[in-house]
Each structure stands twice: as structure tokens, then as C-alpha cells.
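So this one's model.cif, mmCIF, C-alpha atoms:
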```cif
data_protein
loop_
_atom_site.label_atom_id
_atom_site.label_comp_id
_atom_site.auth_asym_id
_atom_site.auth_seq_id
_atom_site.Cartn_x
_atom_site.Cartn_y
_atom_site.Cartn_z
CA MET H 1 -8.16 -35.16 78.10
CA LYS H 2 -6.57 -31.94 79.27
CA MET H 3 -2.94 -32.30 80.26
CA PRO H 4 -2.06 -31.02 83.75
CA PHE H 5 1.00 -29.04 82.71
CA SER H 6 2.19 -26.85 79.89
CA GLY H 7 5.89 -26.13 79.47
CA ILE H 8 7.39 -23.53 77.21
CA ALA H 9 9.96 -24.45 74.60
CA TYR H 10 10.89 -21.96 71.92
CA GLY H 11 7.85 -19.84 72.45
CA CYS H 12 5.31 -22.56 71.79
CA ARG H 13 3.09 -24.43 74.21
CA TYR H 14 4.20 -28.04 74.35
CA TYR H 15 2.91 -30.73 76.66
CA THR H 16 6.10 -31.70 78.40
CA PRO H 17 7.09 -35.29 79.25
CA LEU H 18 7.64 -35.94 82.95
CA LYS H 19 11.40 -36.18 82.56
CA HIS H 20 11.49 -32.68 81.05
CA ARG H 21 9.24 -30.81 83.50
CA LEU H 22 11.84 -28.20 84.23
CA LEU H 23 9.48 -25.24 84.29
CA ASN H 24 6.48 -24.89 86.56
CA PHE H 25 4.71 -21.93 85.10
CA THR H 26 2.70 -21.04 82.00
CA PRO H 27 3.53 -17.53 80.76
CA ARG H 28 1.78 -15.85 77.83
CA ARG H 29 2.53 -17.96 74.79
CA TYR H 30 4.68 -16.43 72.07
CA HIS H 31 5.56 -18.16 68.83
CA HIS H 32 8.56 -16.71 67.09
CA HIS H 33 7.94 -16.69 63.40
CA HIS H 34 9.86 -15.25 60.47
CA LEU H 35 13.07 -14.40 62.28
CA CYS H 36 14.52 -10.95 61.70
CA ARG H 37 18.24 -10.65 61.00
CA LEU H 38 19.79 -10.02 64.40
CA PRO H 39 23.43 -10.02 65.47
CA PRO H 40 24.50 -12.92 67.73
CA PRO H 41 24.46 -10.91 71.00
CA LEU H 42 20.71 -10.39 70.62
CA LEU H 43 20.08 -14.11 70.45
CA ALA H 44 20.97 -14.78 74.06
CA ILE H 45 19.11 -17.37 76.08
CA ALA H 46 15.98 -16.04 77.78
CA THR H 47 16.07 -16.13 81.56
CA LEU H 48 13.15 -17.32 83.63
CA SER H 49 12.55 -13.79 84.89
CA SER H 50 12.16 -12.50 81.32
CA CYS H 51 9.40 -14.99 80.54
CA ASN H 52 6.79 -13.03 82.47
CA ARG H 53 7.33 -9.60 80.94
CA PRO H 54 7.38 -8.11 77.45
CA SER H 55 10.74 -8.16 75.70
CA SER H 56 12.42 -4.98 74.55
CA ASN H 57 13.33 -6.88 71.38
CA LEU H 58 9.78 -7.96 70.62
CA SER H 59 9.33 -5.27 67.98
CA THR H 60 12.33 -6.64 66.09
CA GLY H 61 10.88 -10.12 65.92
CA ASN H 62 13.18 -11.60 68.59
CA SER H 63 11.28 -14.30 70.45
CA LEU H 64 11.01 -14.19 74.21
CA PHE H 65 12.03 -17.84 74.19
CA ARG H 66 14.49 -17.91 71.31
CA GLY H 67 17.26 -19.41 73.43
CA MET H 68 15.16 -22.38 74.48
CA GLU H 69 14.96 -24.01 71.07
CA ARG H 70 17.77 -26.44 71.94
CA PHE H 71 15.72 -27.64 74.90
CA TRP H 72 14.08 -30.13 72.57
CA SER H 73 15.43 -29.62 69.07
CA GLY H 74 18.94 -28.65 68.07
CA SER H 75 21.56 -30.26 65.88
CA VAL H 76 21.05 -33.74 67.34
CA ILE H 77 18.01 -34.13 65.08
CA ASN H 78 19.30 -35.05 61.64
CA LYS H 79 16.29 -36.75 60.10
CA ASN H 80 12.84 -35.53 59.14
CA LYS H 81 11.21 -38.37 61.08
CA GLY H 82 13.11 -37.33 64.20
CA MET H 83 11.78 -33.79 63.89
CA VAL H 84 8.23 -35.08 63.65
CA GLU H 85 8.72 -37.39 66.62
CA HIS H 86 9.90 -34.46 68.74
CA LEU H 87 6.86 -32.43 67.74
CA GLN H 88 4.71 -35.38 68.81
CA GLN H 89 6.62 -35.80 72.05
CA TYR H 90 5.92 -32.21 73.03
CA GLY H 91 2.26 -32.34 72.09
CA VAL H 92 2.42 -30.06 69.07
CA ILE H 93 1.42 -32.87 66.72
CA ARG H 94 -1.45 -35.02 67.98
CA SER H 95 -3.00 -36.06 64.68
CA LYS H 96 -1.72 -39.20 62.96
CA LYS H 97 -2.53 -37.63 59.60
CA VAL H 98 -0.48 -34.50 60.30
CA ALA H 99 2.44 -36.63 61.48
CA GLU H 100 2.22 -38.79 58.36
CA VAL H 101 2.19 -35.80 56.03
CA MET H 102 5.08 -34.02 57.76
CA GLU H 103 7.12 -37.24 57.65
CA THR H 104 6.37 -37.61 53.94
CA ILE H 105 7.28 -34.02 52.95
CA ASP H 106 10.94 -33.70 53.90
CA ARG H 107 11.66 -30.22 55.23
CA ALA H 108 15.28 -30.53 54.06
CA LEU H 109 14.09 -30.08 50.48
CA PHE H 110 12.62 -26.68 51.32
CA VAL H 111 15.39 -24.91 53.25
CA PRO H 112 18.50 -23.21 51.83
CA ASP H 113 21.56 -25.38 51.35
CA GLY H 114 23.86 -25.45 54.33
CA THR H 115 21.18 -24.72 56.94
CA PRO H 116 20.07 -27.33 59.51
CA PRO H 117 16.60 -28.27 58.26
CA TYR H 118 15.20 -29.94 61.38
CA VAL H 119 15.92 -27.33 64.04
CA ASP H 120 12.75 -25.73 65.40
CA SER H 121 13.54 -22.32 64.01
CA PRO H 122 12.47 -20.10 61.12
CA MET H 123 15.12 -19.62 58.45
CA GLN H 124 15.87 -16.89 55.98
CA ILE H 125 15.12 -17.83 52.36
CA GLY H 126 15.99 -14.50 50.73
CA TYR H 127 13.94 -11.46 49.66
CA ASN H 128 13.22 -10.63 53.33
CA ALA H 129 11.22 -13.84 53.63
CA THR H 130 11.61 -16.97 55.73
CA ILE H 131 10.41 -20.52 56.04
CA SER H 132 8.48 -20.93 59.27
CA ALA H 133 9.59 -22.96 62.27
CA PRO H 134 8.41 -26.60 62.21
CA HIS H 135 6.21 -26.12 65.28
CA MET H 136 4.27 -23.38 63.48
CA HIS H 137 3.76 -25.54 60.41
CA ALA H 138 2.53 -28.34 62.66
CA THR H 139 0.24 -26.01 64.60
CA CYS H 140 -1.42 -24.71 61.44
CA LEU H 141 -1.85 -28.20 59.98
CA GLU H 142 -3.48 -29.34 63.21
CA LEU H 143 -5.85 -26.36 63.21
CA LEU H 144 -6.82 -26.94 59.57
CA GLU H 145 -6.90 -30.74 59.49
CA GLU H 146 -10.68 -31.08 59.31
CA ASN H 147 -10.69 -28.67 56.36
CA LEU H 148 -7.98 -30.54 54.48
CA LYS H 149 -9.86 -33.74 53.73
CA PRO H 150 -9.56 -35.44 50.33
CA GLY H 151 -11.35 -33.43 47.65
CA MET H 152 -11.24 -30.12 49.52
CA HIS H 153 -9.67 -26.86 48.31
CA ALA H 154 -6.85 -25.16 50.24
CA LEU H 155 -5.16 -21.78 49.75
CA ASP H 156 -1.69 -20.94 51.11
CA VAL H 157 -1.08 -17.17 51.12
CA GLY H 158 2.62 -16.29 51.17
CA SER H 159 3.64 -19.78 50.12
CA GLY H 160 7.39 -19.03 50.23
CA THR H 161 9.39 -22.23 49.72
CA GLY H 162 6.24 -24.25 49.01
CA TYR H 163 6.57 -26.53 52.06
CA LEU H 164 3.15 -26.02 53.60
CA THR H 165 1.44 -25.94 50.20
CA ALA H 166 2.97 -29.36 49.49
CA CYS H 167 1.63 -30.64 52.83
CA PHE H 168 -1.83 -29.30 51.93
CA ALA H 169 -1.66 -31.06 48.58
CA LEU H 170 -0.98 -34.44 50.16
CA MET H 171 -3.88 -33.98 52.54
CA VAL H 172 -6.50 -32.93 49.95
CA GLY H 173 -5.20 -35.42 47.38
CA SER H 174 -5.50 -35.51 43.63
CA GLU H 175 -9.26 -35.00 43.79
CA GLY H 176 -8.76 -31.75 45.74
CA ARG H 177 -6.89 -28.53 45.01
CA ALA H 178 -3.93 -26.94 46.82
CA VAL H 179 -3.01 -23.41 45.73
CA GLY H 180 -0.03 -21.33 46.79
CA VAL H 181 0.18 -17.58 46.19
CA GLU H 182 3.50 -15.77 46.54
CA HIS H 183 4.32 -12.24 45.34
CA ILE H 184 8.07 -12.81 44.85
CA PRO H 185 8.47 -14.42 41.40
CA GLU H 186 11.88 -15.87 42.24
CA LEU H 187 10.40 -17.68 45.25
CA VAL H 188 7.62 -19.08 43.10
CA THR H 189 10.21 -20.51 40.72
CA SER H 190 12.34 -22.01 43.49
CA SER H 191 9.31 -23.37 45.36
CA ILE H 192 8.17 -25.25 42.27
CA GLN H 193 11.67 -26.72 42.01
CA ASN H 194 11.49 -27.74 45.67
CA ILE H 195 8.13 -29.42 45.20
CA GLU H 196 9.39 -31.26 42.13
CA LYS H 197 11.93 -33.01 44.37
CA SER H 198 9.34 -33.91 47.00
CA ALA H 199 6.60 -36.50 47.46
CA ALA H 200 4.11 -33.90 46.20
CA ALA H 201 5.70 -33.84 42.73
CA PRO H 202 3.02 -36.03 41.09
CA LEU H 203 0.28 -33.68 42.32
CA LEU H 204 2.15 -30.71 40.86
CA LYS H 205 2.54 -32.49 37.54
CA GLU H 206 -1.13 -33.44 37.27
CA GLY H 207 -2.28 -29.95 38.26
CA SER H 208 -4.04 -30.44 41.59
CA LEU H 209 -1.18 -28.49 43.20
CA SER H 210 -0.16 -25.11 41.80
CA ILE H 211 1.89 -22.08 42.84
CA HIS H 212 1.11 -18.63 41.45
CA VAL H 213 2.66 -15.15 41.45
CA GLY H 214 0.21 -12.74 42.99
CA ASP H 215 -0.82 -10.49 45.86
CA GLY H 216 -2.01 -12.93 48.51
CA ARG H 217 -4.14 -10.26 50.16
CA LEU H 218 -6.47 -10.71 47.18
CA GLY H 219 -6.53 -14.49 47.50
CA TRP H 220 -6.81 -16.56 44.31
CA PRO H 221 -10.41 -16.42 43.04
CA GLU H 222 -9.90 -18.97 40.27
CA PHE H 223 -10.21 -21.97 42.59
CA ALA H 224 -12.41 -20.43 45.29
CA PRO H 225 -14.23 -21.08 47.51
CA TYR H 226 -11.66 -22.66 49.83
CA ASP H 227 -12.26 -25.06 52.67
CA ALA H 228 -8.94 -24.04 54.24
CA ILE H 229 -6.91 -20.83 54.01
CA HIS H 230 -3.53 -20.31 55.64
CA VAL H 231 -1.84 -16.92 55.72
CA GLY H 232 1.90 -16.85 56.42
CA ALA H 233 2.30 -13.16 57.30
CA ALA H 234 0.59 -10.79 59.73
CA ALA H 235 -2.19 -8.58 58.42
CA PRO H 236 -3.28 -5.41 60.26
CA GLU H 237 -6.81 -6.73 59.73
CA ILE H 238 -8.27 -9.75 57.98
CA PRO H 239 -8.38 -9.08 54.21
CA PRO H 240 -12.01 -8.99 53.00
CA ALA H 241 -11.12 -10.94 49.84
CA LEU H 242 -9.98 -13.90 51.94
CA ILE H 243 -13.20 -13.87 53.96
CA GLU H 244 -15.14 -13.78 50.69
CA GLN H 245 -13.21 -16.72 49.24
CA LEU H 246 -13.64 -18.86 52.37
CA LYS H 247 -16.30 -21.51 51.87
CA PRO H 248 -19.20 -21.80 54.33
CA GLY H 249 -17.98 -24.41 56.79
CA GLY H 250 -14.39 -23.42 55.96
CA ARG H 251 -11.59 -22.25 58.23
CA MET H 252 -8.81 -19.69 57.89
CA VAL H 253 -5.72 -19.41 60.09
CA ILE H 254 -4.15 -15.95 59.96
CA PRO H 255 -1.86 -13.85 62.18
CA VAL H 256 -3.32 -10.41 62.83
CA GLY H 257 -1.68 -7.38 64.40
CA ASN H 258 1.37 -5.17 64.21
CA ILE H 259 3.86 -5.32 67.10
CA PHE H 260 1.58 -7.56 69.13
CA GLN H 261 0.00 -10.27 67.01
CA ASP H 262 -2.41 -13.13 67.55
CA LEU H 263 -2.89 -16.21 65.44
CA LYS H 264 -6.60 -16.07 64.71
CA VAL H 265 -8.83 -18.96 63.75
CA VAL H 266 -11.59 -17.72 61.45
CA ASP H 267 -14.55 -20.03 60.83
CA LYS H 268 -17.24 -19.28 58.28
CA ASN H 269 -20.47 -20.78 59.53
CA PRO H 270 -22.94 -22.53 57.20
CA ASP H 271 -25.13 -19.40 57.17
CA GLY H 272 -22.18 -17.28 56.06
CA SER H 273 -21.59 -15.60 59.42
CA ILE H 274 -18.05 -15.42 60.78
CA SER H 275 -16.67 -16.66 64.10
CA ILE H 276 -13.16 -15.61 65.18
CA ARG H 277 -11.06 -16.77 68.12
CA ASP H 278 -7.46 -16.21 69.18
CA GLU H 279 -5.28 -19.32 69.24
CA THR H 280 -1.97 -17.93 70.53
CA SER H 281 0.40 -14.96 70.38
CA VAL H 282 2.87 -14.99 67.49
CA ARG H 283 5.45 -12.88 65.71
CA TYR H 284 5.25 -12.77 61.89
CA VAL H 285 6.56 -10.42 59.23
CA PRO H 286 3.86 -8.12 57.84
CA LEU H 287 1.50 -9.06 55.03
CA THR H 288 2.36 -6.27 52.64
CA SER H 289 3.17 -5.43 49.04
CA ARG H 290 6.08 -6.94 47.15
CA GLU H 291 7.77 -3.55 46.94
CA ALA H 292 7.53 -2.96 50.69
CA GLN H 293 8.86 -6.43 51.42
CA LEU H 294 11.87 -5.97 49.17
CA ARG H 295 12.58 -2.61 50.86
CA GLY H 296 12.54 -4.38 54.23
CA TYR H 297 8.99 -3.27 55.12
#
```
Can you dump the structure from the file as C-alpha cells?
Amino acid sequence: MKMPFSGIAYGCRYYTPLKHRLLNFTPRRYHHHHLCRLPPPLLAIATLSSCNRPSSNLSTGNSLFRGMERFWSGSVINKNKGMVEHLQQYGVIRSKKVAEVMETIDRALFVPDGTPPYVDSPMQIGYNATISAPHMHATCLELLEENLKPGMHALDVGSGTGYLTACFALMVGSEGRAVGVEHIPELVTSSIQNIEKSAAAPLLKEGSLSIHVGDGRLGWPEFAPYDAIHVGAAAPEIPPALIEQLKPGGRMVIPVGNIFQDLKVVDKNPDGSISIRDETSVRYVPLTSREAQLRGY
């Protein structure tokens, strides 16, 4: 059933409980993703008037709604379960399976020490990379749920800390295959260490979950075709290799664009034809080479 109202909290569309219906409009939806390093004055709270017009800071990766994150998240959430419950409360998580997996894989194991793991915000992880905000992880898991059934194959391009790859692994199970591809070798090493501390550790040990050093734009042909592909950085256009490695009946979620980006849902039909739709507007770092990323793009 369609909900009668959509509120905006931290640049994502959430279905707002009655007690929190503080906004009565639905501006263009922006997800802030992969936060750029900005000085504190640029992180001011967005005013209502700014919600209906492009931001002068958009090209830097500053979300239109950055200041609203404390509307529902913030430091009061100190447990992984509490984070998931908030995502459910605001309509980001609707699937019981997605909620179960995100409760099982503790985000605190995948963020740098000393950072608040359950705030709805992307966080720097080094090498000009970040771990995505929880609402973006939840959104992508929801979009891919039907393609993450036990026994299926999933590819995570730009796997970073390994968080979403670990979630994929739990969903496809030991009879499936979850593959992460990351072009920063140091992040591959640390992500494996993160996973070894998580509930996905047995799947890593037995080999149904693996993380590899490589150029994600080329996919990972060894375990193709994939039922689900997630791309964690914005491509100027959809890489042909990823389309090729997508299984008929499979789905890919990928941000596409430069300054203005859309999260695209790419479905490969049984006859091999491709259907593409826009899910929402987002802001990701570019999908590029390792050298360009280390230079700061």
C-alpha cells in the first residue's frame, strides 16, 4: 500500500511516523554517499528553503540534507539493532530478511576505530574511500533482495570495508557465492580482517565469500554470471563488462553520472535484453582507476 506522505531525512526518502511529520513537502530526493572531506562550516544544517533548489556545494559531495541526519539517527543510537530499527521505522527497510541480515552483520566491525558506527552517515576509511551510509546499504539490499536468494551469485564492485559483501554472503548462503572486488590492496586486507570478526567469517573460511584485488569496472569473470551486482561508485556510463557478467534474470544497482547522478536499477531480461530505471538521485565518488583515486580523482 502506498504511504500518503514522504518526509526527507538525510537526503533519503523515509516514510515518516505521524509523530515526526515535520515536513509537508517532497523535494527531489538526494542521497549523500561517500562524503568528501569538508571543513565544519560547510556542514551546516540545510534550511527548508534550500531543499527545493540545487546546492552550490553539490559538486563537492555535500548533501542537500546533510544537517538533517540527527533528525532520526545521531549519537543516541549505540547498538546495531537500534540502527536497524530506525531504518525500519522510517520505511527504508521493509524486508524481514534485510533487517535480519543487517542486525547480524554488525556495522561497528567495519568502520574505523573511534567513529560512531550507527550514525546514518558515510565515513572515511582511508585512500579517498568511504563506507556508505546505513540507509544506502539498506536501500541496495532491498533492491537486490530477490536476486540474493540462497545459491545465487553476487558481485560487490568497490567492496571497501567488506560490509555489504558480508551481507550478500549471508543472504546467498554457503551454497551461493559472494564476491567483492576492490582495487586498493590495503582495503582488501583490512576488509578480510573485518569479515573474520563478523558473522560471515565461516563463509569466508569455506570459500563461498571472497574479496579480490582488481579493477571493478571489469567485474570478476571467474564466478560469473551474477544474479546480483552492486557498484559502490559512480560510473559515467554502465561498464559493458558488468552488463555481460549479469545473468539473465539478474539485477544490477549502480550509480551513474558525474555531478548529477542517479542510482540506476538494471535488469537483464530472460531474453538477454536490458531494462533500466532510475531509483533516486545520489552522490557517489567516481568509479575510476586506483591511481586516480589515490590522487584524489
Exercise for the section: Identify which of the residues H:Pro134, H:Pro236, H:Gly173, H:Gly158 lies closest to Arg290 (chain H), counting all atoms listed in the file when measuring atom-to-atom distances. Expected result: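 Closest to Arg290 (chain H), using all atoms listed in the file: H:Gly158.
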Problem - Length of the CA of Leu170 (chain H) to CA of His86 (chain H) vector [Å] - result: 21.5 Å
Practice task
Record the distance separating CA of Ala99 (chain H) and CA of Met136 (chain H), expressed in Å with one decimal.
Solution key: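 Distance between the two atoms: 13.5 Å.
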Problem - Of the listed residues H:Ser275, H:Thr165, H:Ser174, H:Gln293, that which approaches Glu206 (chain H) most closely, counting all atoms listed in the file - result: H:Ser174
Handout entry: Protein, DNA and RNA residues within 8 Å of (-9.6, -17.1, 63.8), only C-alpha atoms, as a list in words
Key =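 Residues lying no farther than 8 Å from the given point: Arg251, Met252, Val253, Ile254, Leu263, Lys264, Val265, Val266, Asp267, Ser275, Ile276, Arg277, Asp278 and Glu279 of chain H.
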Problem - Straight-line distance linking CA of Ser95 (chain H) with CA of Leu242 (chain H), stated in Å to one decimal - result: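 The value is 26.5 Å.
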Could you tell me which residues the PyMOL selection byres ((chain H and resi 148) around 10) grabs in this file, written as a CSV table (one decimal) with C-alpha atoms, keeping the file's coordinate frame?
```
chain,number,residue,atom,x,y,z
H,141,LEU,CA,-1.8,-28.2,60.0
H,142,GLU,CA,-3.5,-29.3,63.2
H,143,LEU,CA,-5.8,-26.4,63.2
H,144,LEU,CA,-6.8,-26.9,59.6
H,145,GLU,CA,-6.9,-30.7,59.5
H,146,GLU,CA,-10.7,-31.1,59.3
H,147,ASN,CA,-10.7,-28.7,56.4
H,149,LYS,CA,-9.9,-33.7,53.7
H,150,PRO,CA,-9.6,-35.4,50.3
H,151,GLY,CA,-11.4,-33.4,47.6
H,152,MET,CA,-11.2,-30.1,49.5
H,153,HIS,CA,-9.7,-26.9,48.3
H,154,ALA,CA,-6.8,-25.2,50.2
H,167,CYS,CA,1.6,-30.6,52.8
H,168,PHE,CA,-1.8,-29.3,51.9
H,169,ALA,CA,-1.7,-31.1,48.6
H,170,LEU,CA,-1.0,-34.4,50.2
H,171,MET,CA,-3.9,-34.0,52.5
H,172,VAL,CA,-6.5,-32.9,50.0
H,173,GLY,CA,-5.2,-35.4,47.4
H,176,GLY,CA,-8.8,-31.8,45.7
H,177,ARG,CA,-6.9,-28.5,45.0
H,178,ALA,CA,-3.9,-26.9,46.8
H,226,TYR,CA,-11.7,-22.7,49.8
H,227,ASP,CA,-12.3,-25.1,52.7
H,228,ALA,CA,-8.9,-24.0,54.2
H,229,ILE,CA,-6.9,-20.8,54.0
H,250,GLY,CA,-14.4,-23.4,56.0
H,251,ARG,CA,-11.6,-22.2,58.2
```
Problem - Resolved residues for the PyMOL selection byres ((chain H and resi 270) around 10) as a ChimeraX atom specification - result: /H:247-250,267-269,271-274
Practice task
For region 188-195 of chain H, list every protein, DNA or RNA residue within 10 Å, evaluated using only C-alpha atoms, and leave out those in the same chain fewer than 3 positions away; present the list as a VMD selection string.
Solution key: chain H and resid 105 107 to 111 158 to 163 165 to 166 180 to 185 198 to 205 209 to 214
Exercise for the section: Give the answer as one residue: which of H:Thr139, H:Ala241, H:Leu187, H:Val179 has the shortest atom-to-atom distance to Val282 (chain H), using only C-alpha atoms? Expected result: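 The answer is H:Thr139, which sits nearest to Val282 (chain H).
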Exercise for the section: Spell out the residues picked by the PyMOL selection byres ((chain H and resi 81) around 12) here, as a ChimeraX atom specification. Expected result: /H:77-80,82-88,99-108,117-118
Dump of C-alpha atoms for the selected residues, as a PDB file, in the frame of the given file:
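Final output, result-v7.pdb:
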```pdb
ATOM      1  CA  ILE H  77      18.010 -34.130  65.080  1.00  0.00           C
ATOM      2  CA  ASN H  78      19.300 -35.050  61.640  1.00  0.00           C
ATOM      3  CA  LYS H  79      16.290 -36.750  60.100  1.00  0.00           C
ATOM      4  CA  ASN H  80      12.840 -35.530  59.140  1.00  0.00           C
ATOM      5  CA  GLY H  82      13.110 -37.330  64.200  1.00  0.00           C
ATOM      6  CA  MET H  83      11.780 -33.790  63.890  1.00  0.00           C
ATOM      7  CA  VAL H  84       8.230 -35.080  63.650  1.00  0.00           C
ATOM      8  CA  GLU H  85       8.720 -37.390  66.620  1.00  0.00           C
ATOM      9  CA  HIS H  86       9.900 -34.460  68.740  1.00  0.00           C
ATOM     10  CA  LEU H  87       6.860 -32.430  67.740  1.00  0.00           C
ATOM     11  CA  GLN H  88       4.710 -35.380  68.810  1.00  0.00           C
ATOM     12  CA  ALA H  99       2.440 -36.630  61.480  1.00  0.00           C
ATOM     13  CA  GLU H 100       2.220 -38.790  58.360  1.00  0.00           C
ATOM     14  CA  VAL H 101       2.190 -35.800  56.030  1.00  0.00           C
ATOM     15  CA  MET H 102       5.080 -34.020  57.760  1.00  0.00           C
ATOM     16  CA  GLU H 103       7.120 -37.240  57.650  1.00  0.00           C
ATOM     17  CA  THR H 104       6.370 -37.610  53.940  1.00  0.00           C
ATOM     18  CA  ILE H 105       7.280 -34.020  52.950  1.00  0.00           C
ATOM     19  CA  ASP H 106      10.940 -33.700  53.900  1.00  0.00           C
ATOM     20  CA  ARG H 107      11.660 -30.220  55.230  1.00  0.00           C
ATOM     21  CA  ALA H 108      15.280 -30.530  54.060  1.00  0.00           C
ATOM     22  CA  PRO H 117      16.600 -28.270  58.260  1.00  0.00           C
ATOM     23  CA  TYR H 118      15.200 -29.940  61.380  1.00  0.00           C
TER      24      TYR H 118
END
```
Exercise for the section: Using all atoms listed in the file, pick whichever of H:Leu155, H:Leu218, H:Ile259, H:Ala138 has the shortest atom-to-atom distance to Gly91 (chain H). Expected result: H:Ala138
Practice task
Determine the nearest neighbour of Tyr284 (chain H) from the options H:Leu246, H:Leu164, H:Ile125, H:Ile131, counting only C-alpha atoms.
Solution key: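 Among H:Leu246, H:Leu164, H:Ile125, H:Ile131, it is H:Ile131 that comes nearest to Tyr284 (chain H).
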If you count all atoms listed in the file, which residues fall within 12 Å of Ala234 (chain H), apart from same-chain ones fewer than 3 positions away, as a PDB file with C-alpha atoms, in the coordinates of the input?
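Output below, filename selection.pdb:
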```
ATOM      1  CA  HIS H  33       7.940 -16.690  63.400  1.00  0.00           C
ATOM      2  CA  HIS H  34       9.860 -15.250  60.470  1.00  0.00           C
ATOM      3  CA  VAL H 157      -1.080 -17.170  51.120  1.00  0.00           C
ATOM      4  CA  GLY H 158       2.620 -16.290  51.170  1.00  0.00           C
ATOM      5  CA  GLY H 216      -2.010 -12.930  48.510  1.00  0.00           C
ATOM      6  CA  ARG H 217      -4.140 -10.260  50.160  1.00  0.00           C
ATOM      7  CA  HIS H 230      -3.530 -20.310  55.640  1.00  0.00           C
ATOM      8  CA  VAL H 231      -1.840 -16.920  55.720  1.00  0.00           C
ATOM      9  CA  GLU H 237      -6.810  -6.730  59.730  1.00  0.00           C
ATOM     10  CA  ILE H 238      -8.270  -9.750  57.980  1.00  0.00           C
ATOM     11  CA  PRO H 239      -8.380  -9.080  54.210  1.00  0.00           C
ATOM     12  CA  VAL H 253      -5.720 -19.410  60.090  1.00  0.00           C
ATOM     13  CA  ILE H 254      -4.150 -15.950  59.960  1.00  0.00           C
ATOM     14  CA  PRO H 255      -1.860 -13.850  62.180  1.00  0.00           C
ATOM     15  CA  VAL H 256      -3.320 -10.410  62.830  1.00  0.00           C
ATOM     16  CA  GLY H 257      -1.680  -7.380  64.400  1.00  0.00           C
ATOM     17  CA  ASN H 258       1.370  -5.170  64.210  1.00  0.00           C
ATOM     18  CA  ILE H 259       3.860  -5.320  67.100  1.00  0.00           C
ATOM     19  CA  PHE H 260       1.580  -7.560  69.130  1.00  0.00           C
ATOM     20  CA  GLN H 261       0.000 -10.270  67.010  1.00  0.00           C
ATOM     21  CA  ASP H 262      -2.410 -13.130  67.550  1.00  0.00           C
ATOM     22  CA  LEU H 263      -2.890 -16.210  65.440  1.00  0.00           C
ATOM     23  CA  LYS H 264      -6.600 -16.070  64.710  1.00  0.00           C
ATOM     24  CA  SER H 281       0.400 -14.960  70.380  1.00  0.00           C
ATOM     25  CA  VAL H 282       2.870 -14.990  67.490  1.00  0.00           C
ATOM     26  CA  ARG H 283       5.450 -12.880  65.710  1.00  0.00           C
ATOM     27  CA  TYR H 284       5.250 -12.770  61.890  1.00  0.00           C
ATOM     28  CA  VAL H 285       6.560 -10.420  59.230  1.00  0.00           C
ATOM     29  CA  PRO H 286       3.860  -8.120  57.840  1.00  0.00           C
ATOM     30  CA  LEU H 287       1.500  -9.060  55.030  1.00  0.00           C
ATOM     31  CA  THR H 288       2.360  -6.270  52.640  1.00  0.00           C
TER      32      THR H 288
END
```
